[in-house]
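Visitor: Questions regarding the structure given below will be posed in turn.
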Amino acid sequence: MLRVVFAGSPDCAVPALEAVAAAHTVVAVLSNPPAPSGRSREPHPTPVAQAAERLKKEGLIAPEVPVITPEKITDEIRDQLAAVKPDAMACFAYGKIFGPKTLALFPLGAVNLHPSLLPRWRGCAPVPAAILAGDRVTGISIQKMVREMDAGDILAQKQYTIDPTETAGDLLDRLSREGAPMLVDVLDRLEAGTASGIPQNHDEASYCGMLHKHDGEIDWSRPAQEIANRIRAFHPWPGAFTHTGDRILLIHKARPFDGTAEAGQQPGTVLGIDKKEGILVQTGNGVLALEALQWHAKKPLDWKSFMNGSRNFTGTVLGTVGESKKKTTVRNQ
């Protein structure tokens, strides 16, 4: 068995940690520092750090294994990693780029699980990027880690079809579970000396950046299909939302409407309902049927329950900001 440092932070990396711990010897876990979460905003360890402590209790990770959560990788952190005498590093969604001095600590190399078909969608949000672009397929790539982000040789790759109703959360969960045994298989091949990689075609690379909260705001002048993709891509975070007066409306689920509806209304206008499809909203090209939505700070509702509590909703123009909201926006600029 290899002596492996595992690097990762969010929920999606937990299946990979569990799989690596079951097949090899995890000698250190590297994760992001505790961050404020919940209503209390108290600092909490990352899901990977919490999983590491659980796996210690379950006997899959030795009790003395350090869980290291630095703000950045310093010489002191590298000394800690070198002290555990690792053979390799396995990484998924750690959140930082490793420099050459860190990568040199691993005699058999460092490998990374990336949820896209590299070189497409290098970067930190490949799953939302694929849905936003309307991609019909995506996949998992296990790559050798190099200094340039997501640019290493491909050690394993598998393609998956994107379901047209899948959200980013659903798809990432599926790819995380499917990718965990692939990561272990690559580690097994590193141990056996049979891991060979295929260089990426850098000319075909595409990139995706970090998501921000404001990315979720819906532009109703865009086509219905594009808006539906954005709603799926931004679920669960940052979430798709729109304004109506001084209120914020979160849209959790929607799809383009194939039936007939009143045409020629201003984009964002609530046209009414279709008893099978949901709440109909005019877009820049086509009509969108809202299926699940939520007023900010209220409970999520299916469209029928929402309309029962919002009987004057038809005729509302979504995307309009009330006067008090405008004043707040001006003050914050």
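Residues in the structure tokens are named by chain (A, B, ... in the order shown) and by number from 1 within that chain; ligands are numbered from 1 in the order shown.
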If you count only C-alpha atoms, which residues fall within 6 Å of Ala7 in chain A, apart from same-chain ones fewer than 5 positions away, as a ChimeraX atom specification?
Guide: /A:29-31,91,94
Visitor: Using DSSP on the backbone coordinates, identify all residues within range 1-140 of chain A classified as helix (DSSP H, G or I); present the result as a PyMOL selection string.
Guide: chain A and resi 11-23+47-57+75-83+100-103+126-132
Visitor: Restrict the selected residues to N, CA and C atoms and save them as a short mmCIF file (atom, residue, chain, number, x, y, z; two decimals), in the first residue's frame.
Guide:
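So the final result, stored in result.cif, reads:
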data_model
loop_
_atom_site.label_atom_id
_atom_site.label_comp_id
_atom_site.auth_asym_id
_atom_site.auth_seq_id
_atom_site.Cartn_x
_atom_site.Cartn_y
_atom_site.Cartn_z
N ASP A 11 -17.64 18.68 0.54
CA ASP A 11 -18.36 17.41 0.61
C ASP A 11 -18.02 16.48 -0.54
N CYS A 12 -17.89 17.05 -1.73
CA CYS A 12 -17.68 16.20 -2.91
C CYS A 12 -16.39 15.40 -2.84
N ALA A 13 -15.43 15.83 -2.00
CA ALA A 13 -14.15 15.12 -1.90
C ALA A 13 -14.18 13.99 -0.89
N VAL A 14 -15.23 13.89 -0.09
CA VAL A 14 -15.29 12.87 0.96
C VAL A 14 -15.29 11.45 0.40
N PRO A 15 -16.09 11.12 -0.65
CA PRO A 15 -16.02 9.76 -1.19
C PRO A 15 -14.61 9.36 -1.64
N ALA A 16 -13.87 10.30 -2.19
CA ALA A 16 -12.50 10.00 -2.63
C ALA A 16 -11.61 9.71 -1.43
N LEU A 17 -11.73 10.50 -0.37
CA LEU A 17 -10.95 10.24 0.85
C LEU A 17 -11.29 8.87 1.41
N GLU A 18 -12.56 8.54 1.48
CA GLU A 18 -12.98 7.24 2.01
C GLU A 18 -12.40 6.10 1.18
N ALA A 19 -12.43 6.23 -0.14
CA ALA A 19 -11.93 5.17 -1.01
C ALA A 19 -10.42 5.02 -0.88
N VAL A 20 -9.70 6.14 -0.83
CA VAL A 20 -8.24 6.08 -0.70
C VAL A 20 -7.86 5.48 0.65
N ALA A 21 -8.57 5.87 1.72
CA ALA A 21 -8.26 5.35 3.05
C ALA A 21 -8.52 3.85 3.15
N ALA A 22 -9.48 3.35 2.39
CA ALA A 22 -9.79 1.92 2.41
C ALA A 22 -8.76 1.09 1.64
N ALA A 23 -8.06 1.72 0.69
CA ALA A 23 -7.17 0.97 -0.20
C ALA A 23 -5.69 1.21 0.07
N PRO A 47 -15.74 19.63 5.42
CA PRO A 47 -16.27 18.25 5.40
C PRO A 47 -15.17 17.19 5.32
N VAL A 48 -14.09 17.46 4.58
CA VAL A 48 -13.00 16.48 4.50
C VAL A 48 -12.30 16.34 5.85
N ALA A 49 -12.05 17.46 6.53
CA ALA A 49 -11.42 17.38 7.85
C ALA A 49 -12.31 16.61 8.83
N GLN A 50 -13.61 16.85 8.78
CA GLN A 50 -14.53 16.11 9.64
C GLN A 50 -14.54 14.63 9.29
N ALA A 51 -14.53 14.32 8.00
CA ALA A 51 -14.53 12.92 7.57
C ALA A 51 -13.25 12.21 8.02
N ALA A 52 -12.13 12.92 7.99
CA ALA A 52 -10.87 12.32 8.43
C ALA A 52 -10.95 11.90 9.89
N GLU A 53 -11.53 12.75 10.73
CA GLU A 53 -11.67 12.40 12.15
C GLU A 53 -12.62 11.21 12.32
N ARG A 54 -13.67 11.16 11.52
CA ARG A 54 -14.59 10.01 11.58
C ARG A 54 -13.89 8.73 11.16
N LEU A 55 -13.09 8.80 10.11
CA LEU A 55 -12.39 7.62 9.63
C LEU A 55 -11.33 7.13 10.62
N LYS A 56 -10.81 8.04 11.43
CA LYS A 56 -9.92 7.61 12.52
C LYS A 56 -10.67 6.73 13.51
N LYS A 57 -11.88 7.15 13.86
CA LYS A 57 -12.69 6.37 14.80
C LYS A 57 -13.09 5.02 14.21
N ASP A 75 6.92 26.76 4.15
CA ASP A 75 8.01 25.81 4.39
C ASP A 75 7.70 24.94 5.60
N GLU A 76 7.09 25.52 6.62
CA GLU A 76 6.74 24.75 7.82
C GLU A 76 5.74 23.64 7.48
N ILE A 77 4.75 23.96 6.64
CA ILE A 77 3.77 22.94 6.23
C ILE A 77 4.46 21.87 5.40
N ARG A 78 5.36 22.27 4.51
CA ARG A 78 6.09 21.28 3.70
C ARG A 78 6.92 20.36 4.59
N ASP A 79 7.50 20.92 5.66
CA ASP A 79 8.26 20.08 6.60
C ASP A 79 7.35 19.06 7.27
N GLN A 80 6.13 19.48 7.63
CA GLN A 80 5.17 18.55 8.22
C GLN A 80 4.83 17.42 7.26
N LEU A 81 4.64 17.77 6.00
CA LEU A 81 4.31 16.75 5.00
C LEU A 81 5.49 15.82 4.76
N ALA A 82 6.68 16.37 4.69
CA ALA A 82 7.87 15.54 4.47
C ALA A 82 8.09 14.57 5.63
N ALA A 83 7.72 15.00 6.84
CA ALA A 83 7.95 14.17 8.03
C ALA A 83 7.15 12.87 8.02
N PRO A 100 6.05 23.86 -7.22
CA PRO A 100 7.01 22.77 -7.46
C PRO A 100 7.66 22.24 -6.20
N LYS A 101 7.90 23.09 -5.20
CA LYS A 101 8.53 22.60 -3.97
C LYS A 101 7.63 21.62 -3.23
N THR A 102 6.32 21.87 -3.28
CA THR A 102 5.39 20.95 -2.63
C THR A 102 5.25 19.67 -3.43
N LEU A 103 5.10 19.78 -4.74
CA LEU A 103 4.94 18.59 -5.58
C LEU A 103 6.17 17.69 -5.52
N PRO A 126 -15.90 23.39 -12.92
CA PRO A 126 -16.14 22.73 -14.20
C PRO A 126 -17.55 22.17 -14.36
N VAL A 127 -18.18 21.76 -13.26
CA VAL A 127 -19.53 21.18 -13.38
C VAL A 127 -20.55 22.26 -13.74
N PRO A 128 -20.62 23.39 -13.02
CA PRO A 128 -21.51 24.46 -13.48
C PRO A 128 -21.19 24.94 -14.90
N ALA A 129 -19.91 25.00 -15.23
CA ALA A 129 -19.52 25.47 -16.57
C ALA A 129 -20.09 24.57 -17.66
N ALA A 130 -20.05 23.26 -17.45
CA ALA A 130 -20.58 22.33 -18.45
C ALA A 130 -22.08 22.51 -18.63
N ILE A 131 -22.81 22.69 -17.53
CA ILE A 131 -24.26 22.87 -17.63
C ILE A 131 -24.59 24.21 -18.27
N LEU A 132 -23.88 25.26 -17.88
CA LEU A 132 -24.10 26.58 -18.47
C LEU A 132 -23.92 26.55 -19.98
#
Visitor: Considering only C-alpha atoms, state which residue in the set A:Thr46, A:Thr314, A:Thr161, A:Ser116 is at the smallest distance from Ile142 in chain A.
Guide: A:Ser116
Visitor: So that I can check the surroundings of Val281 in chain A, please list as a ChimeraX atom specification every protein, DNA and RNA residue that reaches within 10 Å of it, counting only C-alpha atoms and ignoring chain neighbours fewer than 4 positions away.
Guide: /A:220,224,256-257,261-262,265-273,286-290,314-318
Visitor: When you look at Val4 in chain A with a cut-off of 12 Å (counting only C-alpha atoms), what residues show up, excluding the ones that are within fewer than 4 positions of it in the same chain? I need them as a tab-separated table (two decimals) with C-alpha atoms, in the first residue's frame.
Guide:
chain	number	residue	atom	x	y	z
A	17	LEU	CA	-10.95	10.24	0.85
A	19	ALA	CA	-11.93	5.17	-1.01
A	20	VAL	CA	-8.24	6.08	-0.70
A	21	ALA	CA	-8.26	5.35	3.05
A	22	ALA	CA	-9.79	1.92	2.41
A	23	ALA	CA	-7.17	0.97	-0.20
A	24	HIS	CA	-3.97	2.71	0.90
A	25	THR	CA	-2.37	4.24	4.00
A	26	VAL	CA	-3.38	7.86	4.48
A	27	VAL	CA	-0.48	9.50	6.35
A	28	ALA	CA	-1.77	13.11	6.34
A	29	VAL	CA	-4.90	14.99	5.35
A	30	LEU	CA	-4.57	18.50	3.94
A	61	ILE	CA	-7.03	6.22	9.27
A	65	VAL	CA	-2.41	11.04	11.34
A	81	LEU	CA	4.31	16.75	5.00
A	82	ALA	CA	7.87	15.54	4.47
A	84	VAL	CA	5.22	11.61	7.26
A	85	LYS	CA	7.35	10.17	4.41
A	86	PRO	CA	4.65	10.09	1.73
A	87	ASP	CA	4.88	8.17	-1.52
A	88	ALA	CA	2.18	10.14	-3.34
A	89	MET	CA	-0.54	12.75	-3.00
A	90	ALA	CA	-4.18	12.33	-4.05
A	91	CYS	CA	-6.16	15.54	-4.46
A	105	LEU	CA	7.73	15.94	-1.79
A	106	PHE	CA	6.00	12.97	-3.45
A	107	PRO	CA	8.41	10.46	-5.07
A	108	LEU	CA	5.65	8.75	-7.09
A	109	GLY	CA	3.91	12.00	-7.94
A	110	ALA	CA	0.71	13.85	-7.11
A	111	VAL	CA	-2.59	13.10	-8.85
A	183	LEU	CA	-8.56	7.67	-8.21
A	184	VAL	CA	-7.74	4.51	-6.27
A	187	LEU	CA	-2.81	5.07	-7.14
A	188	ASP	CA	-2.64	1.29	-7.56
A	190	LEU	CA	1.48	4.29	-9.46
A	191	GLU	CA	2.43	1.66	-6.88
Visitor: Give me every strand (DSSP E or B) residue in range 171-226 of chain A, going by DSSP on the backbone, as a VMD selection string.
Guide: chain A and resid 198 207 to 208 217 223
Visitor: Could you jot down the CA of Gln200 in chain A to CA of Ile140 in chain A separation for me, Å, one decimal place?
Guide: 14.1 Å
Visitor: Env of range 146-148 of chain A: 6 Å cut, atoms = only C-alpha atoms, seq-sep filter 2 positions within chain, self excluded. Answer as a list of chain:residue names.
Guide: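 Non-adjacent residues within range: A:Gly99, A:Ala151, A:Gly152.
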Visitor: So that each row is one residue of range 150-220 of chain A with an atom at most 9 Å from range 233-236 of chain A, can you give its shortest atom pair and the distance in Å to one decimal, using only C-alpha atoms, rows by chain and rising number, as a Markdown table?
Guide:
| residue | atom | partner | partner_atom | distance |
| --- | --- | --- | --- | --- |
| A:Glu166 | CA | A:Ala233 | CA | 8.7 |
| A:Thr167 | CA | A:Ala233 | CA | 5.8 |
| A:Ala168 | CA | A:Ala233 | CA | 4.9 |
| A:Gly169 | CA | A:Pro236 | CA | 6.0 |
| A:Asp170 | CA | A:His235 | CA | 8.8 |
| A:Leu211 | CA | A:Phe234 | CA | 8.7 |
| A:Asp215 | CA | A:Phe234 | CA | 8.3 |
| A:Gly216 | CA | A:Phe234 | CA | 6.4 |
Visitor: For a quick check of understanding, using only C-alpha atoms, which of A:Pro10, A:Pro181, A:Gly259, A:Pro66 has the smallest distance to Lys158 in chain A?
Guide: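 Result for the nearest residue to Lys158 in chain A: A:Pro181.
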Visitor: Between A:Asn308, A:Thr283, A:Gln294, A:Ser40, single out the one closest to Asp219 in chain A, counting only C-alpha atoms.
Guide: A:Thr283
Visitor: To one decimal place in Å, what is the distance between CA of Thr320 in chain A and CA of Arg255 in chain A?
Guide: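 Interatomic distance, CA of Thr320 in chain A to CA of Arg255 in chain A: 21.5 Å.
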